[in-house]
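Student: model.txt is reproduced below (compact mmCIF, C-alpha atoms).
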# COMPACT_ATOMS: atom_id res chain seq x y z
CA MET H 252 129.11 79.61 86.32
CA SER H 253 125.59 80.76 87.06
CA THR H 254 122.95 78.41 88.35
CA SER H 255 119.75 78.43 86.36
CA THR H 256 116.28 77.72 87.64
CA THR H 257 116.19 74.57 85.55
CA GLU H 258 119.45 73.29 87.06
CA LEU H 259 117.95 73.69 90.52
CA GLY H 260 115.03 71.54 89.46
CA LEU H 261 112.47 74.33 89.63
CA ALA H 262 109.75 75.02 87.12
CA GLU H 263 108.74 78.58 86.35
CA THR H 264 106.03 79.68 88.74
CA THR H 265 102.39 79.46 87.73
CA LEU H 266 101.43 82.00 90.42
CA LEU H 267 100.77 85.67 89.59
CA ARG H 268 100.38 88.27 92.32
CA PHE H 269 98.57 91.35 91.06
CA ALA H 270 96.81 94.41 92.45
CA THR H 271 94.02 96.65 91.24
CA ALA H 272 94.06 100.43 91.67
CA GLY H 273 92.15 103.45 90.46
CA SER H 274 90.01 106.37 91.56
CA VAL H 275 86.76 106.13 93.50
CA ASP H 276 83.91 104.59 91.49
CA ASP H 277 86.15 103.56 88.61
CA GLY H 278 84.83 100.02 89.09
CA LYS H 279 87.73 98.10 90.65
CA SER H 280 85.60 95.88 92.85
CA THR H 281 83.18 95.29 90.00
CA LEU H 282 86.07 94.24 87.75
CA VAL H 283 87.36 91.84 90.40
CA GLY H 284 83.86 90.45 90.91
CA ARG H 285 83.46 90.02 87.15
CA LEU H 286 86.80 88.20 86.95
CA LEU H 287 85.80 85.84 89.74
CA HIS H 288 82.28 85.32 88.38
CA ASP H 289 83.09 84.81 84.72
CA SER H 290 86.10 82.59 85.45
CA LYS H 291 83.75 80.43 87.57
CA SER H 292 85.75 81.08 90.75
CA VAL H 293 82.69 81.93 92.85
CA LEU H 294 80.95 79.34 94.98
CA ALA H 295 77.17 79.02 94.62
CA ASP H 296 76.48 80.16 98.19
CA GLN H 297 78.67 83.23 97.69
CA LEU H 298 76.75 84.19 94.57
CA GLU H 299 73.43 83.62 96.34
CA ALA H 300 74.53 85.91 99.18
CA VAL H 301 75.45 88.63 96.69
CA GLU H 302 72.12 88.23 94.91
CA ARG H 303 70.23 88.59 98.20
CA ALA H 304 72.25 91.64 99.24
CA SER H 305 71.74 93.24 95.82
CA ALA H 306 67.99 92.59 95.90
CA SER H 307 67.71 94.11 99.38
CA ARG H 308 69.24 97.30 97.96
CA GLY H 309 66.70 97.40 95.14
CA GLN H 310 69.12 96.31 92.39
CA ASP H 311 67.79 94.21 89.54
CA ALA H 312 71.08 92.42 88.82
CA PRO H 313 73.72 91.06 91.24
CA ASP H 314 76.26 93.69 92.28
CA LEU H 315 79.48 91.77 91.68
CA ALA H 316 81.46 94.37 93.65
CA LEU H 317 80.01 92.79 96.79
CA LEU H 318 82.18 89.72 96.15
CA THR H 319 85.18 91.80 97.29
CA ASP H 320 83.75 94.58 99.43
CA GLY H 321 83.46 92.49 102.56
CA LEU H 322 83.40 95.12 105.33
CA ARG H 323 80.00 96.40 106.41
CA ALA H 324 81.14 100.01 105.93
CA GLU H 325 82.27 99.16 102.41
CA ARG H 326 78.90 97.71 101.48
CA GLU H 327 76.96 100.57 103.06
CA GLN H 328 79.01 103.28 101.34
CA GLY H 329 79.62 101.41 98.09
CA ILE H 330 83.37 101.99 98.32
CA THR H 331 86.46 99.92 99.07
CA ILE H 332 88.22 100.83 102.32
CA ASP H 333 90.64 98.02 103.09
CA VAL H 334 92.79 95.83 100.86
CA ALA H 335 90.79 92.73 99.94
CA TYR H 336 92.87 89.69 99.02
CA ARG H 337 91.28 87.09 96.79
CA TYR H 338 92.65 83.75 95.61
CA PHE H 339 91.46 82.12 92.40
CA ALA H 340 92.77 79.94 89.64
CA THR H 341 92.24 79.03 86.01
CA PRO H 342 93.64 75.99 84.20
CA LYS H 343 96.61 78.15 83.11
CA ARG H 344 97.63 79.98 86.30
CA ARG H 345 96.94 80.62 89.98
CA PHE H 346 96.33 84.17 91.20
CA ILE H 347 96.60 86.21 94.38
CA LEU H 348 94.71 89.45 93.86
CA ALA H 349 94.80 92.58 96.04
CA ASP H 350 91.81 94.86 95.49
CA THR H 351 92.96 98.25 96.82
CA PRO H 352 90.92 101.37 97.69
CA GLY H 353 90.53 104.36 95.40
CA HIS H 354 90.08 107.15 97.95
CA VAL H 355 93.11 109.43 98.32
CA GLN H 356 93.15 108.87 102.09
CA TYR H 357 93.55 105.13 101.48
CA THR H 358 96.56 105.46 99.15
CA ARG H 359 98.60 103.79 101.89
CA ASN H 360 96.57 100.63 101.27
CA MET H 361 97.53 100.70 97.61
CA VAL H 362 101.20 100.74 98.68
CA THR H 363 100.53 97.66 100.80
CA GLY H 364 98.69 95.80 98.04
CA ALA H 365 101.20 96.59 95.28
CA SER H 366 104.37 96.04 97.33
CA THR H 367 104.49 92.32 96.45
CA ALA H 368 102.66 92.53 93.11
CA GLU H 369 104.17 91.54 89.78
CA LEU H 370 101.39 93.33 87.91
CA THR H 371 99.08 96.24 88.68
CA VAL H 372 95.76 96.89 86.96
CA VAL H 373 95.06 100.65 86.97
CA LEU H 374 91.43 101.44 86.18
CA VAL H 375 90.29 104.65 84.53
CA ASP H 376 86.69 105.76 84.02
CA ALA H 377 86.33 106.34 80.27
CA ARG H 378 84.16 109.39 81.03
CA ASN H 379 86.76 111.08 83.26
CA GLY H 380 90.06 110.03 81.72
CA VAL H 381 93.38 110.29 83.58
CA VAL H 382 92.93 112.10 86.92
CA GLU H 383 95.30 112.92 89.78
CA GLN H 384 94.69 109.64 91.58
CA THR H 385 95.47 107.78 88.35
CA ARG H 386 98.81 109.56 88.21
CA ARG H 387 99.44 108.82 91.88
CA HIS H 388 98.83 105.11 91.36
CA ALA H 389 101.07 105.07 88.29
CA ALA H 390 103.80 106.77 90.34
CA ILE H 391 103.47 104.25 93.17
CA ALA H 392 103.61 101.34 90.70
CA ALA H 393 106.80 102.83 89.25
CA LEU H 394 108.33 103.40 92.68
CA LEU H 395 107.54 99.86 93.76
CA ARG H 396 109.13 98.56 90.55
CA VAL H 397 106.01 96.66 89.51
CA PRO H 398 107.17 95.18 86.17
CA HIS H 399 103.80 95.09 84.39
CA VAL H 400 101.01 97.68 84.38
CA VAL H 401 97.61 97.17 82.74
CA LEU H 402 95.55 100.26 81.95
CA ALA H 403 91.92 99.12 82.04
CA VAL H 404 89.74 101.85 80.52
CA ASN H 405 86.44 100.97 82.16
CA LYS H 406 82.79 101.91 81.51
CA MET H 407 83.28 101.94 77.74
CA ASP H 408 79.55 101.13 77.50
CA LEU H 409 78.79 104.62 78.87
CA VAL H 410 80.75 106.37 76.10
CA GLY H 411 79.30 104.39 73.23
CA TYR H 412 82.36 102.11 72.92
CA GLN H 413 84.16 104.89 71.03
CA GLU H 414 87.67 103.95 69.94
CA ALA H 415 88.83 107.59 69.92
CA ILE H 416 88.08 108.02 73.63
CA PHE H 417 90.00 104.87 74.51
CA ALA H 418 92.94 105.82 72.29
CA GLY H 419 93.22 109.29 73.82
CA ILE H 420 93.25 107.98 77.40
CA ALA H 421 95.71 105.21 76.52
CA GLU H 422 98.08 107.67 74.85
CA GLU H 423 98.03 110.11 77.78
CA PHE H 424 98.54 107.43 80.43
CA THR H 425 101.26 105.61 78.48
CA ALA H 426 103.25 108.82 78.00
CA TYR H 427 103.02 109.62 81.73
CA ALA H 428 103.86 106.10 82.95
CA THR H 429 106.73 105.75 80.48
CA GLU H 430 108.26 108.96 81.80
CA LEU H 431 108.06 107.45 85.28
CA GLY H 432 109.98 104.43 84.05
CA VAL H 433 107.22 101.81 84.00
CA PRO H 434 108.74 99.08 81.77
CA GLU H 435 105.57 97.60 80.25
CA ILE H 436 102.10 99.09 79.78
CA THR H 437 99.13 97.25 78.23
CA ALA H 438 95.91 99.19 77.57
CA ILE H 439 92.59 97.29 77.40
CA PRO H 440 89.11 98.82 76.85
CA ILE H 441 86.54 97.13 79.10
CA SER H 442 83.14 97.30 80.71
CA ALA H 443 83.33 95.50 84.04
CA LEU H 444 79.59 95.85 84.59
CA VAL H 445 78.62 94.26 81.26
CA GLY H 446 81.67 92.01 80.95
CA ASP H 447 83.26 93.41 77.79
CA ASN H 448 86.89 92.26 77.40
CA VAL H 449 87.17 91.08 81.01
CA VAL H 450 87.03 87.33 80.49
CA GLU H 451 85.27 87.13 77.12
CA PRO H 452 86.08 89.30 74.05
CA SER H 453 83.65 92.14 73.46
CA ALA H 454 81.24 92.06 70.54
CA ASN H 455 80.84 95.82 70.93
CA MET H 456 84.47 96.75 70.25
CA ASP H 457 85.50 94.94 67.09
CA TRP H 458 88.12 97.66 66.54
CA TYR H 459 90.13 96.24 69.47
CA GLY H 460 92.28 93.24 68.63
CA GLY H 461 94.24 92.77 71.86
CA PRO H 462 93.79 90.32 74.77
CA THR H 463 91.06 90.36 77.38
CA VAL H 464 92.07 91.16 80.94
CA LEU H 465 92.06 87.50 81.97
CA GLU H 466 93.93 86.40 78.86
CA HIS H 467 96.67 88.93 79.60
CA LEU H 468 96.84 87.86 83.25
CA GLU H 469 97.18 84.23 82.18
CA THR H 470 99.95 84.86 79.66
CA VAL H 471 102.04 87.75 81.03
CA PRO H 472 105.55 86.44 81.74
CA VAL H 473 106.43 86.10 85.42
CA SER H 474 110.15 85.58 85.80
CA HIS H 475 111.86 84.42 88.97
CA ASP H 476 115.36 83.66 87.69
CA LEU H 477 117.39 82.75 90.77
CA ALA H 478 120.66 83.38 88.92
CA HIS H 479 120.03 87.13 89.05
CA CYS H 480 118.98 87.38 92.71
CA HIS H 481 121.19 88.49 95.58
CA ALA H 482 120.79 85.71 98.15
CA ARG H 483 119.57 87.08 101.48
CA LEU H 484 118.33 85.43 104.70
CA PRO H 485 117.11 87.77 107.45
CA VAL H 486 117.48 85.83 110.71
CA GLN H 487 114.16 85.67 112.52
CA TYR H 488 114.92 83.18 115.29
CA VAL H 489 117.86 81.29 116.77
CA ILE H 490 117.00 77.62 117.39
CA ARG H 491 118.84 75.87 120.27
CA PRO H 492 116.85 72.83 121.51
CA GLN H 493 119.53 71.78 124.04
CA THR H 494 117.91 68.37 124.30
CA ALA H 495 119.50 64.97 124.71
CA GLU H 496 118.80 64.29 121.03
CA HIS H 497 120.21 67.64 119.87
CA PRO H 498 122.63 68.83 122.57
CA ASP H 499 124.76 71.05 120.31
CA TYR H 500 122.23 72.09 117.66
CA ARG H 501 122.34 75.79 116.79
CA GLY H 502 120.35 76.91 113.75
CA TYR H 503 119.33 80.26 112.34
CA ALA H 504 115.77 80.30 111.08
CA GLY H 505 114.04 82.68 108.67
CA GLN H 506 112.44 83.06 105.27
CA ILE H 507 114.84 83.45 102.37
CA ALA H 508 114.15 86.93 101.00
CA ALA H 509 115.97 86.42 97.70
CA GLY H 510 118.24 84.05 95.80
CA SER H 511 119.37 80.61 96.96
CA PHE H 512 121.74 79.09 99.52
CA HIS H 513 123.82 75.92 99.21
CA VAL H 514 125.55 73.66 101.72
CA GLY H 515 129.28 74.39 101.69
CA GLU H 516 128.80 77.97 100.51
CA ALA H 517 130.90 80.74 102.11
CA VAL H 518 128.62 83.24 103.85
CA THR H 519 128.96 86.46 105.82
CA VAL H 520 126.79 87.54 108.74
CA LEU H 521 125.90 91.24 108.69
CA PRO H 522 126.27 93.77 110.17
CA SER H 523 129.10 92.11 112.14
CA GLY H 524 130.95 91.01 108.98
CA ARG H 525 131.96 87.62 110.38
CA THR H 526 132.45 84.89 107.76
CA THR H 527 131.90 81.13 107.82
CA THR H 528 130.36 78.41 105.64
CA VAL H 529 126.94 76.76 105.50
CA SER H 530 127.26 73.33 107.12
CA GLY H 531 123.61 72.36 106.70
CA ILE H 532 120.13 73.50 105.67
CA ASP H 533 116.98 72.13 107.32
CA LEU H 534 113.67 72.46 105.47
CA LEU H 535 110.50 71.15 107.13
CA GLY H 536 112.64 69.15 109.55
CA LYS H 537 114.68 67.45 106.84
CA PRO H 538 118.19 68.28 105.55
CA VAL H 539 118.47 69.63 101.99
CA GLY H 540 121.41 70.69 99.86
CA THR H 541 119.85 73.85 98.42
CA ALA H 542 117.09 76.28 99.44
CA TRP H 543 115.71 79.26 97.55
CA THR H 544 113.52 82.32 97.66
CA THR H 545 110.41 82.33 99.93
CA GLN H 546 111.28 79.01 101.58
CA SER H 547 111.39 79.11 105.37
CA VAL H 548 114.53 77.28 106.46
CA THR H 549 117.03 76.82 109.25
CA ILE H 550 120.66 77.34 108.28
CA LEU H 551 123.50 75.74 110.24
CA LEU H 552 126.97 77.29 110.18
CA THR H 553 130.38 75.65 110.45
CA ASP H 554 131.73 78.09 113.03
CA ASP H 555 130.16 79.05 116.34
CA ILE H 556 129.81 82.77 115.77
CA ASP H 557 127.45 85.29 117.33
CA VAL H 558 124.26 85.48 115.26
CA SER H 559 120.96 86.87 116.52
CA ARG H 560 117.54 88.02 115.33
CA GLY H 561 117.86 90.93 112.93
CA ASP H 562 121.15 89.78 111.41
CA LEU H 563 121.40 89.08 107.68
CA ILE H 564 123.13 86.01 106.23
CA VAL H 565 124.49 86.58 102.71
CA PRO H 566 126.98 84.93 100.34
CA THR H 567 130.45 86.30 101.07
CA LYS H 568 131.03 86.95 97.35
CA ASP H 569 127.81 88.99 97.12
CA ALA H 570 127.58 90.88 100.40
CA PRO H 571 125.99 94.35 100.45
CA ALA H 572 127.78 97.25 102.10
CA THR H 573 126.59 98.33 105.53
CA THR H 574 125.76 101.96 106.15
CA GLN H 575 124.26 104.31 108.70
CA ASP H 576 123.23 106.82 106.03
CA VAL H 577 120.20 105.71 104.02
CA GLU H 578 118.87 107.69 101.05
CA ALA H 579 115.51 106.60 99.76
CA THR H 580 112.30 107.46 97.98
CA VAL H 581 109.35 107.20 100.33
CA CYS H 582 105.57 107.27 100.34
CA HIS H 583 104.29 108.83 103.55
CA VAL H 584 101.23 106.96 104.82
CA ALA H 585 100.50 108.43 108.25
CA ASP H 586 98.18 111.30 109.12
CA GLN H 587 100.94 113.05 111.10
CA PRO H 588 103.62 114.71 108.93
CA LEU H 589 107.17 113.42 108.58
CA THR H 590 109.52 116.30 109.33
CA VAL H 591 113.25 117.00 109.24
CA GLY H 592 114.63 116.00 112.63
CA HIS H 593 111.88 113.44 113.19
CA ARG H 594 113.07 110.62 115.48
CA VAL H 595 111.77 107.28 114.26
CA LEU H 596 112.34 103.55 114.31
CA LEU H 597 113.48 102.04 111.01
CA LYS H 598 112.45 98.43 110.38
CA HIS H 599 114.51 96.66 107.72
CA GLY H 600 113.87 92.94 107.32
CA THR H 601 113.83 91.51 110.84
CA ARG H 602 115.95 94.33 112.32
CA THR H 603 114.60 97.50 113.93
CA VAL H 604 116.92 100.41 114.81
CA LYS H 605 116.60 104.01 115.97
CA ALA H 606 116.96 106.64 113.28
CA ILE H 607 116.65 110.36 112.57
CA VAL H 608 115.29 112.03 109.42
CA LYS H 609 118.25 114.22 108.49
CA ASP H 610 116.79 115.85 105.41
CA ILE H 611 113.87 115.82 102.98
CA PRO H 612 115.51 116.95 99.72
CA SER H 613 112.37 116.98 97.60
CA ARG H 614 108.68 116.20 97.21
CA LEU H 615 107.25 114.93 93.95
CA THR H 616 104.52 116.95 92.21
CA LEU H 617 102.34 114.39 90.46
CA ASP H 618 100.84 116.69 87.82
CA ASP H 619 104.09 117.34 85.92
CA LEU H 620 106.56 115.10 87.81
CA SER H 621 108.51 118.17 88.94
CA LEU H 622 110.35 118.25 92.27
CA HIS H 623 109.48 120.70 95.02
CA PRO H 624 112.85 121.23 96.73
CA HIS H 625 113.27 121.05 100.52
CA PRO H 626 109.59 120.95 101.54
CA GLY H 627 110.57 120.47 105.19
CA GLN H 628 107.92 117.81 105.68
CA LEU H 629 105.87 115.15 103.94
CA VAL H 630 102.16 114.80 104.66
CA ALA H 631 99.87 111.81 104.10
CA ASN H 632 100.16 110.34 100.59
CA ASP H 633 103.15 112.52 99.65
CA ILE H 634 105.99 110.93 97.67
CA GLY H 635 109.45 112.34 98.25
CA ARG H 636 113.14 111.80 98.89
CA VAL H 637 114.60 111.47 102.39
CA LYS H 638 118.00 111.12 104.03
CA ILE H 639 118.06 109.05 107.21
CA ARG H 640 120.80 108.44 109.76
CA THR H 641 120.52 105.17 111.69
CA ALA H 642 121.89 104.34 115.14
CA GLU H 643 123.45 101.11 113.86
CA PRO H 644 124.85 100.03 110.48
CA LEU H 645 122.34 98.36 108.16
CA PRO H 646 123.08 96.01 105.23
CA VAL H 647 120.70 97.53 102.68
CA ASP H 648 120.38 96.75 99.00
CA SER H 649 119.15 99.12 96.34
CA TYR H 650 115.40 98.62 95.87
CA ALA H 651 116.06 98.30 92.13
CA ASP H 652 118.11 95.16 92.91
CA SER H 653 115.94 93.64 95.64
CA ARG H 654 112.39 94.63 96.55
CA ARG H 655 112.64 92.73 99.86
CA THR H 656 116.00 93.89 101.25
CA GLY H 657 115.86 97.29 99.56
CA SER H 658 112.69 98.34 101.38
CA PHE H 659 111.96 99.51 104.89
CA ILE H 660 109.29 101.20 106.99
CA LEU H 661 109.56 104.09 109.44
CA ILE H 662 107.68 103.65 112.72
CA ASP H 663 106.62 106.15 115.38
CA PRO H 664 108.55 105.05 118.52
CA ALA H 665 105.81 106.47 120.75
CA ASP H 666 102.87 104.35 119.62
CA GLY H 667 104.14 101.96 116.93
CA THR H 668 102.26 103.65 114.08
CA THR H 669 103.66 103.01 110.61
CA LEU H 670 104.69 106.40 109.22
CA THR H 671 106.39 105.82 105.90
CA ALA H 672 107.23 103.12 103.36
CA GLY H 673 110.70 103.53 101.87
CA MET H 674 112.59 102.26 98.84
CA VAL H 675 116.39 102.54 99.07
CA GLY H 676 118.35 104.18 96.26
CA GLU H 677 117.39 106.13 93.18
CA SER H 678 113.88 106.35 91.82
CA PHE H 679 112.41 107.88 88.68
CA ALA H 680 112.98 111.27 90.37
CA SER H 681 116.59 112.39 90.91
CA PRO H 682 116.69 115.00 93.66
CA GLU H 683 119.27 117.74 93.65
CA PRO H 684 122.29 117.24 95.95
CA VAL H 685 121.69 118.45 99.47
CA LYS H 686 124.35 119.38 101.98
CA ASP H 687 124.22 117.10 105.02
CA GLU H 688 123.20 118.75 108.26
CA THR H 689 125.29 117.84 111.30
CA GLU H 690 122.85 118.83 114.02
CA ASP H 691 120.90 115.90 115.40
CA ASP H 692 119.35 117.64 118.44
CA GLY H 693 119.53 114.51 120.58
CA TRP H 694 120.09 110.82 119.74
CA ASP H 695 123.83 111.09 119.10
CA PHE H 696 124.96 108.46 116.56
As structure tokens, please, write out the structure in this file.
Tutor:
Amino acid sequence: MSTSTTELGLAETTLLRFATAGSVDDGKSTLVGRLLHDSKSVLADQLEAVERASASRGQDAPDLALLTDGLRAEREQGITIDVAYRYFATPKRRFILADTPGHVQYTRNMVTGASTAELTVVLVDARNGVVEQTRRHAAIAALLRVPHVVLAVNKMDLVGYQEAIFAGIAEEFTAYATELGVPEITAIPISALVGDNVVEPSANMDWYGGPTVLEHLETVPVSHDLAHCHARLPVQYVIRPQTAEHPDYRGYAGQIAAGSFHVGEAVTVLPSGRTTTVSGIDLLGKPVGTAWTTQSVTILLTDDIDVSRGDLIVPTKDAPATTQDVEATVCHVADQPLTVGHRVLLKHGTRTVKAIVKDIPSRLTLDDLSLHPHPGQLVANDIGRVKIRTAEPLPVDSYADSRRTGSFILIDPADGTTLTAGMVGESFASPEPVKDETEDDGWDF
């Protein structure tokens, strides 16, 4: 019998995490500023600071983009460089927003911002239509399994609010994103600068009968059904007080990555494969019978078995297989290329192991979604398929089943630089089979 969210006493979340993306000067920061301003989520002193900064630059009206572009370099250049997180709320829902850069060289930041998002707003300049960076952001949203994508066709005021222009862009983008496997696409014509269809309906586009951006954000379904999650707890810390009050206490602390755990449940510790049962769960210093996704807890086990940081506690009936051969779709984010034979560190959950890139079967061509076979390397912002051999077995899920335990990053062992973000399993691109190479040229495992 499955356990529903209602049976666990949980209400459906009222929190939506979403990200914005688009090309340079498409108006992402202006859209975010308009959302914050028109939804009355801006404090008076913040607005006064923006007005002063805008006036000093000779602008007649407040530049709402300055509400999100907080770095000095961002304000001076008029572009977004880093991911800007903003928190706001309306009577219907709370929001965590990631405003991501549009420059190609900052695509890595878009990966960061969208990795935990349940919705991505992709902006397109109505004058330019769908461009390469638009396609790249759609591909990343598809790879990251973002369930909802909003196409915001911006600057409609500069094309005379013409329905035909909006319809053409919406049709082209929808066809492309659907081929990638994006499950839901909503197209909205807007003018972030003027405010058309951002928070209030536009009087200039009576031909459009859909929701405003904010209305869609407030009503889009956000489902966190625990019955369909694979329960996973990456162990972050072993707690042994060894005090007079707790002489024999041994707990395994971490944040539950997915699903729920119950006292008395049979669990397996991976990668060792040892099994036991949950004897107790401590949450905020108090014992509870059940704990679920995103809660930070300490789990106590019936048997005294060897558990350490980096291990994964899972229900015995739903344990993933462990493997040393990981196949994944990746987005390369470092300036230095990722090459076949590259020796890296692979960080999965709380575990970090040595690994070797055994093969790069293909690189995705964004224009037509074709695969360039065996490129030999991936350079910054490339999306491709890789085969990796790890020094130790890893309990990995398919990214399609779990965004938390199906993802990993590759790290340069020399300086700790993040090289690549990876999603385990199949993606929208199915690479051709590649014969495994046996030469490892070092690191024998």
Student: Every residue with an atom at most 8 Å from (97.8, 81.7, 87.1) (file coordinates; all atoms listed in the file) is what I'm after, so could you write them as an MDAnalysis selection string?
Tutor: chainID H and resid 265:267 340:346 468:469
Student: With only C-alpha atoms as the basis for distance, which of H:Gln506, H:Thr573, H:Thr271, H:Ser280 is at the shortest distance from Thr544 (chain H)?
Tutor: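 Distance minimum relative to Thr544 (chain H) lands on H:Gln506.
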Student: Separation of CA of Glu451 (chain H) and CA of Ala392 (chain H), in Å?
Tutor: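 Those two atoms sit 26.9 Å apart.
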Student: Got a sec to check which residues sit within 9 Å of (117.8, 93.6, 98.0), counting all atoms listed in the file, and write them as an mmCIF file with C-alpha atoms, in the frame of the given file?
Tutor:
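Generated output (selection_5.cif):
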data_model
loop_
_atom_site.group_PDB
_atom_site.id
_atom_site.type_symbol
_atom_site.label_atom_id
_atom_site.label_comp_id
_atom_site.auth_asym_id
_atom_site.auth_seq_id
_atom_site.Cartn_x
_atom_site.Cartn_y
_atom_site.Cartn_z
ATOM 1 C CA CYS H 480 118.980 87.380 92.710
ATOM 2 C CA HIS H 481 121.190 88.490 95.580
ATOM 3 C CA ALA H 482 120.790 85.710 98.150
ATOM 4 C CA ARG H 483 119.570 87.080 101.480
ATOM 5 C CA ALA H 508 114.150 86.930 101.000
ATOM 6 C CA ALA H 509 115.970 86.420 97.700
ATOM 7 C CA PRO H 571 125.990 94.350 100.450
ATOM 8 C CA VAL H 647 120.700 97.530 102.680
ATOM 9 C CA ASP H 648 120.380 96.750 99.000
ATOM 10 C CA SER H 649 119.150 99.120 96.340
ATOM 11 C CA TYR H 650 115.400 98.620 95.870
ATOM 12 C CA ALA H 651 116.060 98.300 92.130
ATOM 13 C CA ASP H 652 118.110 95.160 92.910
ATOM 14 C CA SER H 653 115.940 93.640 95.640
ATOM 15 C CA ARG H 654 112.390 94.630 96.550
ATOM 16 C CA ARG H 655 112.640 92.730 99.860
ATOM 17 C CA THR H 656 116.000 93.890 101.250
ATOM 18 C CA GLY H 657 115.860 97.290 99.560
ATOM 19 C CA SER H 658 112.690 98.340 101.380
#
Student: Box in all listed atoms of region 500-504 of chain H, axis-aligned, with 5 Å more on each side; write out centre and edge lengths in Å to one decimal as AutoDock Vina command-line options.
Tutor:
--center_x 119.1 --center_y 76.2 --center_z 114.4 --size_x 16.6 --size_y 18.2 --size_z 16.6
Student: I want to know what sits within 10 Å of Glu643 (chain H), based on only C-alpha atoms, with residues of the same chain fewer than 4 positions away left out; could you give that as number ranges by chain?
Tutor: H: 522, 573-576, 603-606, 696
Student: Could you please take those selected residues and save C-alpha atoms as a PDB file, in the coordinates of the input?
Tutor:
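out_7.pdb, written as the output of this step:
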ATOM      1  CA  PRO H 522     126.270  93.770 110.170  1.00  0.00           C
ATOM      2  CA  THR H 573     126.590  98.330 105.530  1.00  0.00           C
ATOM      3  CA  THR H 574     125.760 101.960 106.150  1.00  0.00           C
ATOM      4  CA  GLN H 575     124.260 104.310 108.700  1.00  0.00           C
ATOM      5  CA  ASP H 576     123.230 106.820 106.030  1.00  0.00           C
ATOM      6  CA  THR H 603     114.600  97.500 113.930  1.00  0.00           C
ATOM      7  CA  VAL H 604     116.920 100.410 114.810  1.00  0.00           C
ATOM      8  CA  LYS H 605     116.600 104.010 115.970  1.00  0.00           C
ATOM      9  CA  ALA H 606     116.960 106.640 113.280  1.00  0.00           C
ATOM     10  CA  PHE H 696     124.960 108.460 116.560  1.00  0.00           C
TER      11      PHE H 696
END
Student: I'd like to know which of H:Ala272, H:Leu535, H:Leu629, H:Leu374 is closest to Asn360 (chain H), using all atoms listed in the file.
Tutor: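 Once distances to Asn360 (chain H) are computed over all atoms listed in the file, the minimum belongs to H:Ala272.
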Student: From the options H:Val445, H:Ile391, H:Ile490, H:Leu484, which residue's atoms come nearest to Met407 (chain H), counting only C-alpha atoms?
Tutor: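 That would be H:Val445, the residue with the smallest distance to Met407 (chain H).
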Student: Please determine, counting all atoms listed in the file, which residue among H:Asp276, H:Glu422, H:Glu414, H:Glu516 has the shortest atom-to-atom distance to Asp569 (chain H).
Tutor: H:Glu516
Student: Quick one: everything within 12 Å of Thr669 (chain H), counting all atoms listed in the file, minus sequence neighbours fewer than 2 positions away in the same chain. Send it as a PyMOL selection string.
Tutor: chain H and resi 359-360+363+582-589+595-598+631+659-667+671-673
Student: For CA of Glu677 (chain H) and CA of Arg560 (chain H), quote the distance in Å rounded to one decimal.
Tutor: 28.6 Å
Student: Give me the residues within 9 Å of Tyr500 (chain H) as a list in words, counting all atoms listed in the file and dropping any in the same chain fewer than 3 places off.
Tutor: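 Skipping anything fewer than 3 positions along the chain leaves Ile490, Arg491, Pro492, Gln493, Thr494, His497 and Leu551 of chain H.
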Student: Using only C-alpha atoms, determine which residues lie at most 8 Å from Arg337 (chain H), disregarding the query and same-chain residues fewer than 2 positions distant; provide the list as a PyMOL selection string.
Tutor: chain H and resi 319+335+339+347-350
Student: Can I get the selection written as a compact mmCIF listing (two decimals), in the coordinates of the input, with C-alpha atoms?
Tutor:
# COMPACT_ATOMS: atom_id res chain seq x y z
CA THR H 319 85.18 91.80 97.29
CA ALA H 335 90.79 92.73 99.94
CA PHE H 339 91.46 82.12 92.40
CA ILE H 347 96.60 86.21 94.38
CA LEU H 348 94.71 89.45 93.86
CA ALA H 349 94.80 92.58 96.04
CA ASP H 350 91.81 94.86 95.49
Student: Go through H:Ile550, H:Ile532, H:Val591, H:Val450 one by one, measure the shortest atom-to-atom distance of each to Val608 (chain H) using only C-alpha atoms, and give the residue with the smallest value.
Tutor: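 So, comparing all the options, the nearest one is H:Val591.
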Student: Please compute the CA of Tyr459 (chain H)-CA of Ile441 (chain H) distance, one decimal, in Å.
Tutor: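 Between CA of Tyr459 (chain H) and CA of Ile441 (chain H) the gap works out to 10.3 Å.
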Student: Identify which of the residues H:Val433, H:Ile607, H:Val283, H:Val539 lies closest to Leu394 (chain H), counting all atoms listed in the file when measuring atom-to-atom distances.
Tutor: H:Val433
Student: Got a sec: who's within 7 Å of Pro624 (chain H), counting only C-alpha atoms, leaving out chain neighbours fewer than 5 positions off, as a list in words?
Tutor: Pro612, Ser613 and Arg614 of chain H
